[in-house]
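The data block below is data06.cif; it holds mmCIF, C-alpha atoms and all ligand atoms.
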```
data_target
#
loop_
_atom_site.label_atom_id
_atom_site.label_comp_id
_atom_site.auth_asym_id
_atom_site.auth_seq_id
_atom_site.Cartn_x
_atom_site.Cartn_y
_atom_site.Cartn_z
CA MET J 1 -19.75 5.99 -15.08
CA LYS J 2 -17.09 6.11 -12.34
CA GLN J 3 -14.30 3.55 -12.39
CA LEU J 4 -13.33 1.40 -9.41
CA LEU J 5 -9.89 -0.16 -9.63
CA ILE J 6 -9.45 -3.48 -7.79
CA ALA J 7 -5.96 -3.75 -6.24
CA SER J 8 -5.64 -7.47 -6.89
CA ASN J 9 -4.53 -9.85 -9.62
CA ASN J 10 -6.81 -12.61 -8.41
CA GLU J 11 -9.34 -13.28 -11.20
CA GLY J 12 -11.72 -15.03 -8.79
CA LYS J 13 -11.90 -11.99 -6.49
CA ILE J 14 -12.43 -9.62 -9.41
CA LYS J 15 -15.26 -11.75 -10.79
CA GLU J 16 -16.92 -11.89 -7.37
CA ILE J 17 -16.67 -8.10 -6.90
CA LYS J 18 -18.07 -7.46 -10.41
CA LYS J 19 -21.07 -9.66 -9.59
CA VAL J 20 -21.83 -8.11 -6.18
CA PHE J 21 -21.36 -4.52 -7.44
CA SER J 22 -23.25 -5.01 -10.72
CA GLY J 23 -26.11 -2.72 -9.61
CA LEU J 24 -23.81 0.17 -8.62
CA ASP J 25 -22.74 3.08 -10.73
CA TYR J 26 -19.15 1.84 -10.99
CA GLU J 27 -17.23 0.21 -13.79
CA ILE J 28 -15.05 -2.42 -12.10
CA ILE J 29 -11.57 -2.57 -13.58
CA SER J 30 -8.64 -4.83 -12.74
CA MET J 31 -4.95 -3.95 -12.52
CA LYS J 32 -4.41 -6.12 -15.60
CA GLU J 33 -7.06 -4.25 -17.61
CA LYS J 34 -5.31 -1.00 -16.67
CA GLY J 35 -1.92 -2.45 -17.65
CA LEU J 36 -0.67 -1.92 -14.10
CA ASN J 37 1.92 -4.03 -12.35
CA LEU J 38 2.39 -2.55 -8.88
CA THR J 39 3.82 -4.38 -5.88
CA ILE J 40 2.74 -3.14 -2.48
CA ILE J 41 4.63 -4.61 0.49
CA GLU J 42 2.16 -6.04 3.01
CA ASP J 43 4.09 -5.26 6.19
CA GLN J 44 1.36 -4.00 8.52
CA PRO J 45 0.50 -5.79 11.79
CA ASP J 46 -3.16 -6.42 10.95
CA PHE J 47 -5.59 -6.98 8.06
CA ALA J 48 -7.02 -3.47 8.33
CA GLY J 49 -3.53 -1.93 8.04
CA ASN J 50 -2.56 -4.00 5.01
CA SER J 51 -5.82 -3.45 3.15
CA PHE J 52 -5.61 0.32 3.86
CA LYS J 53 -1.99 0.39 2.67
CA LYS J 54 -2.81 -1.42 -0.59
CA ALA J 55 -5.86 0.74 -1.37
CA SER J 56 -4.25 4.07 -0.47
CA GLU J 57 -0.92 3.46 -2.20
CA VAL J 58 -2.50 2.18 -5.42
CA SER J 59 -4.89 5.15 -5.40
CA LYS J 60 -2.05 7.62 -4.88
CA GLN J 61 -0.04 6.05 -7.70
CA THR J 62 -2.93 5.89 -10.19
CA GLY J 63 -5.35 8.66 -9.20
CA GLU J 64 -8.21 6.11 -9.22
CA ILE J 65 -10.83 5.11 -6.65
CA VAL J 66 -9.40 1.81 -5.38
CA LEU J 67 -10.75 -1.25 -3.58
CA ALA J 68 -8.33 -3.56 -1.75
CA ASP J 69 -8.75 -6.44 0.65
CA ASP J 70 -6.58 -8.36 3.06
CA SER J 71 -7.56 -11.64 4.57
CA GLY J 72 -6.28 -14.66 6.41
CA LEU J 73 -6.79 -17.32 9.00
CA GLU J 74 -6.71 -16.87 12.79
CA VAL J 75 -6.41 -19.96 15.00
CA GLU J 76 -7.40 -19.28 18.60
CA VAL J 77 -5.06 -21.74 20.33
CA LEU J 78 -2.11 -20.30 18.34
CA GLY J 79 -2.78 -16.77 19.62
CA ASN J 80 -4.57 -15.91 16.34
CA LYS J 81 -1.69 -17.00 14.12
CA PRO J 82 -1.05 -17.24 11.19
CA GLY J 83 -3.05 -13.97 10.78
CA VAL J 84 -1.36 -11.53 8.40
CA LEU J 85 1.31 -14.18 7.76
CA SER J 86 -1.26 -16.70 6.40
CA ALA J 87 0.21 -16.82 2.89
CA ARG J 88 3.78 -17.13 4.22
CA PHE J 89 3.19 -19.28 7.33
CA ALA J 90 5.69 -22.01 6.38
CA GLY J 91 8.14 -19.57 4.73
CA GLU J 92 8.36 -16.72 2.24
CA TYR J 93 7.52 -18.85 -0.83
CA ALA J 94 5.50 -21.56 0.92
CA THR J 95 2.83 -23.45 -1.00
CA ASP J 96 -0.72 -23.92 0.33
CA GLN J 97 0.16 -27.52 1.08
CA GLU J 98 3.25 -26.57 3.11
CA ASN J 99 1.22 -24.02 5.09
CA ASN J 100 -1.48 -26.61 5.78
CA GLU J 101 1.11 -29.21 6.85
CA LYS J 102 2.70 -26.74 9.28
CA LEU J 103 -0.71 -25.92 10.76
CA LEU J 104 -1.58 -29.61 11.23
CA LEU J 105 1.78 -30.27 12.89
CA LEU J 106 1.33 -27.38 15.35
CA LEU J 107 -2.15 -28.63 16.22
CA LYS J 108 -1.36 -32.34 16.33
CA ASP J 109 -2.03 -32.67 20.08
CA VAL J 110 -4.88 -30.17 20.22
CA PRO J 111 -8.33 -31.75 20.74
CA ASN J 112 -11.34 -30.94 18.60
CA GLU J 113 -12.93 -28.53 21.08
CA ARG J 114 -9.82 -26.32 21.15
CA ARG J 115 -9.34 -26.04 17.37
CA ARG J 116 -11.55 -22.96 16.92
CA ALA J 117 -10.52 -20.69 14.05
CA ARG J 118 -11.85 -17.91 11.85
CA PHE J 119 -11.24 -16.49 8.42
CA ARG J 120 -11.21 -12.69 8.43
CA CYS J 121 -11.28 -10.20 5.58
CA VAL J 122 -11.01 -6.40 5.72
CA MET J 123 -11.89 -4.32 2.65
CA THR J 124 -10.85 -0.71 2.10
CA MET J 125 -12.33 1.57 -0.56
CA TYR J 126 -10.14 4.64 -0.98
CA TRP J 127 -10.83 7.85 -2.95
CA PRO J 128 -7.96 9.96 -4.38
CA ASP J 129 -8.74 12.84 -1.97
CA GLY J 130 -8.00 10.63 1.04
CA PHE J 131 -11.57 9.68 1.98
CA TYR J 132 -12.00 5.98 2.68
CA ILE J 133 -14.37 3.37 4.11
CA GLN J 134 -13.55 -0.02 5.62
CA THR J 135 -15.66 -3.11 6.24
CA GLU J 136 -14.95 -6.52 7.71
CA GLY J 137 -16.28 -10.05 7.29
CA THR J 138 -15.62 -13.04 9.56
CA CYS J 139 -16.32 -16.70 9.02
CA HIS J 140 -16.19 -19.02 12.06
CA GLY J 141 -15.15 -22.65 12.18
CA ARG J 142 -12.48 -25.05 13.37
CA ILE J 143 -9.40 -26.76 11.99
CA GLY J 144 -9.89 -30.39 10.99
CA PHE J 145 -7.40 -33.22 11.46
CA VAL J 146 -7.05 -34.15 7.77
CA PRO J 147 -7.55 -32.11 4.59
CA LYS J 148 -10.92 -32.65 2.87
CA GLY J 149 -12.32 -31.36 -0.42
CA SER J 150 -10.77 -30.09 -3.61
CA HIS J 151 -12.31 -26.65 -4.22
CA GLY J 152 -11.03 -23.26 -3.14
CA PHE J 153 -7.46 -22.51 -2.11
CA GLY J 154 -5.23 -21.85 0.92
CA TYR J 155 -6.52 -23.34 4.16
CA ASP J 156 -9.93 -24.29 2.72
CA PRO J 157 -9.38 -28.10 2.98
CA LEU J 158 -8.69 -27.79 6.73
CA PHE J 159 -11.34 -25.22 7.68
CA ILE J 160 -14.56 -26.87 8.90
CA LEU J 161 -17.36 -24.34 8.77
CA GLU J 162 -19.48 -23.81 11.87
CA GLY J 163 -22.93 -25.30 11.34
CA PHE J 164 -21.99 -27.06 8.08
CA GLU J 165 -19.73 -29.97 9.15
CA LYS J 166 -18.02 -29.59 5.80
CA THR J 167 -14.72 -27.97 4.95
CA MET J 168 -14.63 -24.80 2.90
CA ALA J 169 -13.00 -26.89 0.13
CA GLN J 170 -16.07 -29.15 0.03
CA LEU J 171 -18.27 -26.22 -1.00
CA THR J 172 -18.71 -25.18 -4.61
CA ILE J 173 -17.35 -21.75 -5.51
CA GLU J 174 -20.96 -20.47 -5.69
CA GLU J 175 -21.70 -21.76 -2.17
CA LYS J 176 -18.45 -20.32 -0.80
CA ASN J 177 -19.13 -16.95 -2.40
CA LYS J 178 -22.38 -16.69 -0.45
CA ILE J 179 -20.93 -17.25 3.02
CA SER J 180 -17.19 -16.49 2.95
CA HIS J 181 -15.46 -13.76 4.98
CA ARG J 182 -14.76 -11.96 1.68
CA ALA J 183 -18.41 -12.18 0.62
CA LEU J 184 -19.52 -10.79 4.00
CA ALA J 185 -17.05 -7.87 3.85
CA LEU J 186 -18.12 -7.12 0.28
CA LYS J 187 -21.81 -7.25 1.24
CA ALA J 188 -21.18 -4.81 4.12
CA LEU J 189 -19.39 -2.49 1.68
CA LEU J 190 -22.25 -2.68 -0.81
CA GLU J 191 -24.77 -1.88 1.95
CA LEU J 192 -22.69 1.10 3.06
CA LEU J 193 -22.52 2.44 -0.51
CA LEU J 194 -26.25 1.91 -1.04
CA SER J 195 -27.16 3.47 2.32
CA LYS J 196 -26.14 6.92 1.05
CA THR J 197 -24.28 7.59 4.30
CA VAL J 198 -21.11 7.67 2.22
CA PRO J 199 -20.77 11.30 1.10
CA LYS J 200 -19.03 10.22 -2.12
CA ASP J 201 -22.09 8.44 -3.46
P1 LIG K 301 -5.08 -12.67 0.58
O1 LIG K 301 -5.68 -11.65 1.46
O2 LIG K 301 -6.02 -13.09 -0.51
O3 LIG K 301 -3.71 -12.33 0.10
O4 LIG K 301 -4.93 -13.99 1.47
C1 LIG K 301 -3.80 -14.24 2.28
C2 LIG K 301 -3.75 -15.71 2.65
O5 LIG K 301 -4.79 -16.02 3.59
C3 LIG K 301 -3.97 -16.68 1.50
O6 LIG K 301 -2.77 -16.94 0.81
C4 LIG K 301 -4.50 -17.91 2.22
O7 LIG K 301 -3.44 -18.65 2.78
C5 LIG K 301 -5.32 -17.31 3.35
N1 LIG K 301 -6.72 -17.14 2.91
C6 LIG K 301 -7.38 -15.98 2.71
N2 LIG K 301 -8.65 -16.20 2.31
C7 LIG K 301 -8.77 -17.54 2.25
C8 LIG K 301 -9.87 -18.38 1.86
O8 LIG K 301 -10.96 -17.97 1.47
N3 LIG K 301 -9.61 -19.71 1.94
C9 LIG K 301 -8.44 -20.23 2.34
N4 LIG K 301 -7.40 -19.49 2.68
C10 LIG K 301 -7.56 -18.15 2.64
#
```

In structure tokens, how does this file's structure come out?
Amino acid sequence: MKQLLIASNNEGKIKEIKKVFSGLDYEIISMKEKGLNLTIIEDQPDFAGNSFKKASEVSKQTGEIVLADDSGLEVEVLGNKPGVLSARFAGEYATDQENNEKLLLLLKDVPNERRRARFRCVMTMYWPDGFYIQTEGTCHGRIGFVPKGSHGFGYDPLFILEGFEKTMAQLTIEEKNKISHRALALKALLELLLSKTVPKD
């Protein structure tokens, strides 16, 4: 069986990928399982660039087939910020709470109808010979006025999902894993691999 190395240390992501890819001919392995501790600087201007950089650099350094993602929040009225800076919005070592507080402050005078936002995720699967595929998932919603819910992470307590009238943090992990931007990007990747249009499979 082929191995697919996940360029992430996030246990939740690895579990989700293992579940979605369980029917494929790949053994999913984490950086930790491989004893790897690589730091890739995420300095690209968009999600596609960062996810490509992570997947390609980890593949070049390990010789493995690698899957990497990059994701974040885009708020329309802020010109799609925080975008690739989502994790560091309030500063290099900002906590989720500090990032959320900064977002609420910037939007304090913005009415409900202008608080549209989306979570985006781009996944890159990269083979050691330089072949790669990329997919994207987007989740639409708006930014609330107060944090609600205790599940998830990051901006989840502020992100009210379109059609749900609940924040992402009010969903269980199982519910979120069915509809999230990451789940949609992963599903698109699975469909591409199963479609046999990918010459590698
Ligand atoms: P990463 O791609 O997992 O490194 O995510 C970058 C940052 O985007 C995170 O630190 C969060 O601030 C934000 N983010 C990405 N995905 C989510 C999500 O599902 N919920 C809430 N915040 C997210």

#### Entry: Near-Leu106 in chain J list (12 Å; only C-alpha atoms; drop same-chain fewer than 4 positions) as a list of chain:residue names
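In the requested format, the answer is J:Val75, J:Val77, J:Leu78, J:Lys81, J:Pro82, J:Phe89, J:Ala90, J:Asn99, J:Asn100, J:Glu101, J:Lys102, J:Val110, J:Pro111, J:Arg115, J:Ile143, J:Phe145.
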
### Message
Can you tell me which residues surround Val122 in chain J at a distance of at most 6 Å, considering all atoms listed in the file, apart from same-chain residues fewer than 3 positions away, and format the answer as number ranges by chain?
### Response
J: 47-48, 69-70, 135-136

### Task
Output the neighbourhood of ligand LIG 301 (chain K) as a list in words, that is, all protein and nucleic acid residues with some atom at most 7 Å from the ligand, counting only C-alpha atoms and all ligand atoms.
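Counting only C-alpha atoms and all ligand atoms, the residues within 7 Å of ligand LIG 301 (chain K) come out as Asp69, Asp70, Ser71, Gly72, Leu73, Ser86, Ala87, Asp96, Phe119, Gly152, Phe153, Gly154, Tyr155, Asp156 and Ser180 of chain J.
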
Would you put the residues from that selection into a file with C-alpha atoms, as a PDB file, keeping the file's coordinate frame?
```pdb
ATOM      1  CA  ASP J  69      -8.750  -6.440   0.650  1.00  0.00           C
ATOM      2  CA  ASP J  70      -6.580  -8.360   3.060  1.00  0.00           C
ATOM      3  CA  SER J  71      -7.560 -11.640   4.570  1.00  0.00           C
ATOM      4  CA  GLY J  72      -6.280 -14.660   6.410  1.00  0.00           C
ATOM      5  CA  LEU J  73      -6.790 -17.320   9.000  1.00  0.00           C
ATOM      6  CA  SER J  86      -1.260 -16.700   6.400  1.00  0.00           C
ATOM      7  CA  ALA J  87       0.210 -16.820   2.890  1.00  0.00           C
ATOM      8  CA  ASP J  96      -0.720 -23.920   0.330  1.00  0.00           C
ATOM      9  CA  PHE J 119     -11.240 -16.490   8.420  1.00  0.00           C
ATOM     10  CA  GLY J 152     -11.030 -23.260  -3.140  1.00  0.00           C
ATOM     11  CA  PHE J 153      -7.460 -22.510  -2.110  1.00  0.00           C
ATOM     12  CA  GLY J 154      -5.230 -21.850   0.920  1.00  0.00           C
ATOM     13  CA  TYR J 155      -6.520 -23.340   4.160  1.00  0.00           C
ATOM     14  CA  ASP J 156      -9.930 -24.290   2.720  1.00  0.00           C
ATOM     15  CA  SER J 180     -17.190 -16.490   2.950  1.00  0.00           C
TER      16      SER J 180
END
```

### Task
Name the closest residue to Lys176 in chain J among the candidates J:Gln3, J:Leu192, J:Glu16, J:Ile28; distances are taken between atoms, counting only C-alpha atoms.
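When distances to Lys176 in chain J are compared using only C-alpha atoms, the smallest one comes from J:Glu16.
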
### Query
Excluding same-chain residues fewer than 4 positions from range 138-141 of chain J, what lies within 12 Å of it counting all atoms listed in the file, as a PyMOL selection string?
chain J and resi 47+71-76+112-123+155-156+158-168+176-188

Pull C-alpha atoms from the residues just selected and write them as a PDB file, in the frame of the given file.
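Output file selection-v7.pdb is given in full below:
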```
ATOM      1  CA  PHE J  47      -5.590  -6.980   8.060  1.00  0.00           C
ATOM      2  CA  SER J  71      -7.560 -11.640   4.570  1.00  0.00           C
ATOM      3  CA  GLY J  72      -6.280 -14.660   6.410  1.00  0.00           C
ATOM      4  CA  LEU J  73      -6.790 -17.320   9.000  1.00  0.00           C
ATOM      5  CA  GLU J  74      -6.710 -16.870  12.790  1.00  0.00           C
ATOM      6  CA  VAL J  75      -6.410 -19.960  15.000  1.00  0.00           C
ATOM      7  CA  GLU J  76      -7.400 -19.280  18.600  1.00  0.00           C
ATOM      8  CA  ASN J 112     -11.340 -30.940  18.600  1.00  0.00           C
ATOM      9  CA  GLU J 113     -12.930 -28.530  21.080  1.00  0.00           C
ATOM     10  CA  ARG J 114      -9.820 -26.320  21.150  1.00  0.00           C
ATOM     11  CA  ARG J 115      -9.340 -26.040  17.370  1.00  0.00           C
ATOM     12  CA  ARG J 116     -11.550 -22.960  16.920  1.00  0.00           C
ATOM     13  CA  ALA J 117     -10.520 -20.690  14.050  1.00  0.00           C
ATOM     14  CA  ARG J 118     -11.850 -17.910  11.850  1.00  0.00           C
ATOM     15  CA  PHE J 119     -11.240 -16.490   8.420  1.00  0.00           C
ATOM     16  CA  ARG J 120     -11.210 -12.690   8.430  1.00  0.00           C
ATOM     17  CA  CYS J 121     -11.280 -10.200   5.580  1.00  0.00           C
ATOM     18  CA  VAL J 122     -11.010  -6.400   5.720  1.00  0.00           C
ATOM     19  CA  MET J 123     -11.890  -4.320   2.650  1.00  0.00           C
ATOM     20  CA  TYR J 155      -6.520 -23.340   4.160  1.00  0.00           C
ATOM     21  CA  ASP J 156      -9.930 -24.290   2.720  1.00  0.00           C
ATOM     22  CA  LEU J 158      -8.690 -27.790   6.730  1.00  0.00           C
ATOM     23  CA  PHE J 159     -11.340 -25.220   7.680  1.00  0.00           C
ATOM     24  CA  ILE J 160     -14.560 -26.870   8.900  1.00  0.00           C
ATOM     25  CA  LEU J 161     -17.360 -24.340   8.770  1.00  0.00           C
ATOM     26  CA  GLU J 162     -19.480 -23.810  11.870  1.00  0.00           C
ATOM     27  CA  GLY J 163     -22.930 -25.300  11.340  1.00  0.00           C
ATOM     28  CA  PHE J 164     -21.990 -27.060   8.080  1.00  0.00           C
ATOM     29  CA  GLU J 165     -19.730 -29.970   9.150  1.00  0.00           C
ATOM     30  CA  LYS J 166     -18.020 -29.590   5.800  1.00  0.00           C
ATOM     31  CA  THR J 167     -14.720 -27.970   4.950  1.00  0.00           C
ATOM     32  CA  MET J 168     -14.630 -24.800   2.900  1.00  0.00           C
ATOM     33  CA  LYS J 176     -18.450 -20.320  -0.800  1.00  0.00           C
ATOM     34  CA  ASN J 177     -19.130 -16.950  -2.400  1.00  0.00           C
ATOM     35  CA  LYS J 178     -22.380 -16.690  -0.450  1.00  0.00           C
ATOM     36  CA  ILE J 179     -20.930 -17.250   3.020  1.00  0.00           C
ATOM     37  CA  SER J 180     -17.190 -16.490   2.950  1.00  0.00           C
ATOM     38  CA  HIS J 181     -15.460 -13.760   4.980  1.00  0.00           C
ATOM     39  CA  ARG J 182     -14.760 -11.960   1.680  1.00  0.00           C
ATOM     40  CA  ALA J 183     -18.410 -12.180   0.620  1.00  0.00           C
ATOM     41  CA  LEU J 184     -19.520 -10.790   4.000  1.00  0.00           C
ATOM     42  CA  ALA J 185     -17.050  -7.870   3.850  1.00  0.00           C
ATOM     43  CA  LEU J 186     -18.120  -7.120   0.280  1.00  0.00           C
ATOM     44  CA  LYS J 187     -21.810  -7.250   1.240  1.00  0.00           C
ATOM     45  CA  ALA J 188     -21.180  -4.810   4.120  1.00  0.00           C
TER      46      ALA J 188
END
```

### Message
One decimal, in Å: what's the spacing between CA of Met125 in chain J and CA of Ile65 in chain J?
### Response
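Going from CA of Met125 in chain J over to CA of Ile65 in chain J covers 7.2 Å.
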
### Query
Hey, what's within 9 Å of Thr124 in chain J if we count only C-alpha atoms and toss same-chain stuff fewer than 2 positions away? As a list in words, please?
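Contacts, with the query itself left out: Ala48, Ser51, Phe52, Lys53, Lys54, Ala55, Ser56, Val66, Leu67, Ala68, Asp69, Asp70, Val122, Tyr126, Tyr132, Ile133, Gln134, Thr135 and Leu189 of chain J.
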
### Query
Which polymer residues, protein or nucleic acid, are no farther than 12 Å from (-3.0, -10.7, -17.0), counting all atoms listed in the file, as a list of chain:residue names?
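The requested residues, written out, are J:Ser8, J:Asn9, J:Asn10, J:Glu11, J:Ser30, J:Met31, J:Lys32, J:Glu33, J:Lys34, J:Gly35, J:Leu36, J:Asn37.
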
Write out the residues from the selection above, keeping C-alpha atoms, as a CSV table (one decimal), in the coordinates of the input.
```csv
chain,number,residue,atom,x,y,z
J,8,SER,CA,-5.6,-7.5,-6.9
J,9,ASN,CA,-4.5,-9.8,-9.6
J,10,ASN,CA,-6.8,-12.6,-8.4
J,11,GLU,CA,-9.3,-13.3,-11.2
J,30,SER,CA,-8.6,-4.8,-12.7
J,31,MET,CA,-5.0,-4.0,-12.5
J,32,LYS,CA,-4.4,-6.1,-15.6
J,33,GLU,CA,-7.1,-4.2,-17.6
J,34,LYS,CA,-5.3,-1.0,-16.7
J,35,GLY,CA,-1.9,-2.4,-17.6
J,36,LEU,CA,-0.7,-1.9,-14.1
J,37,ASN,CA,1.9,-4.0,-12.4
```
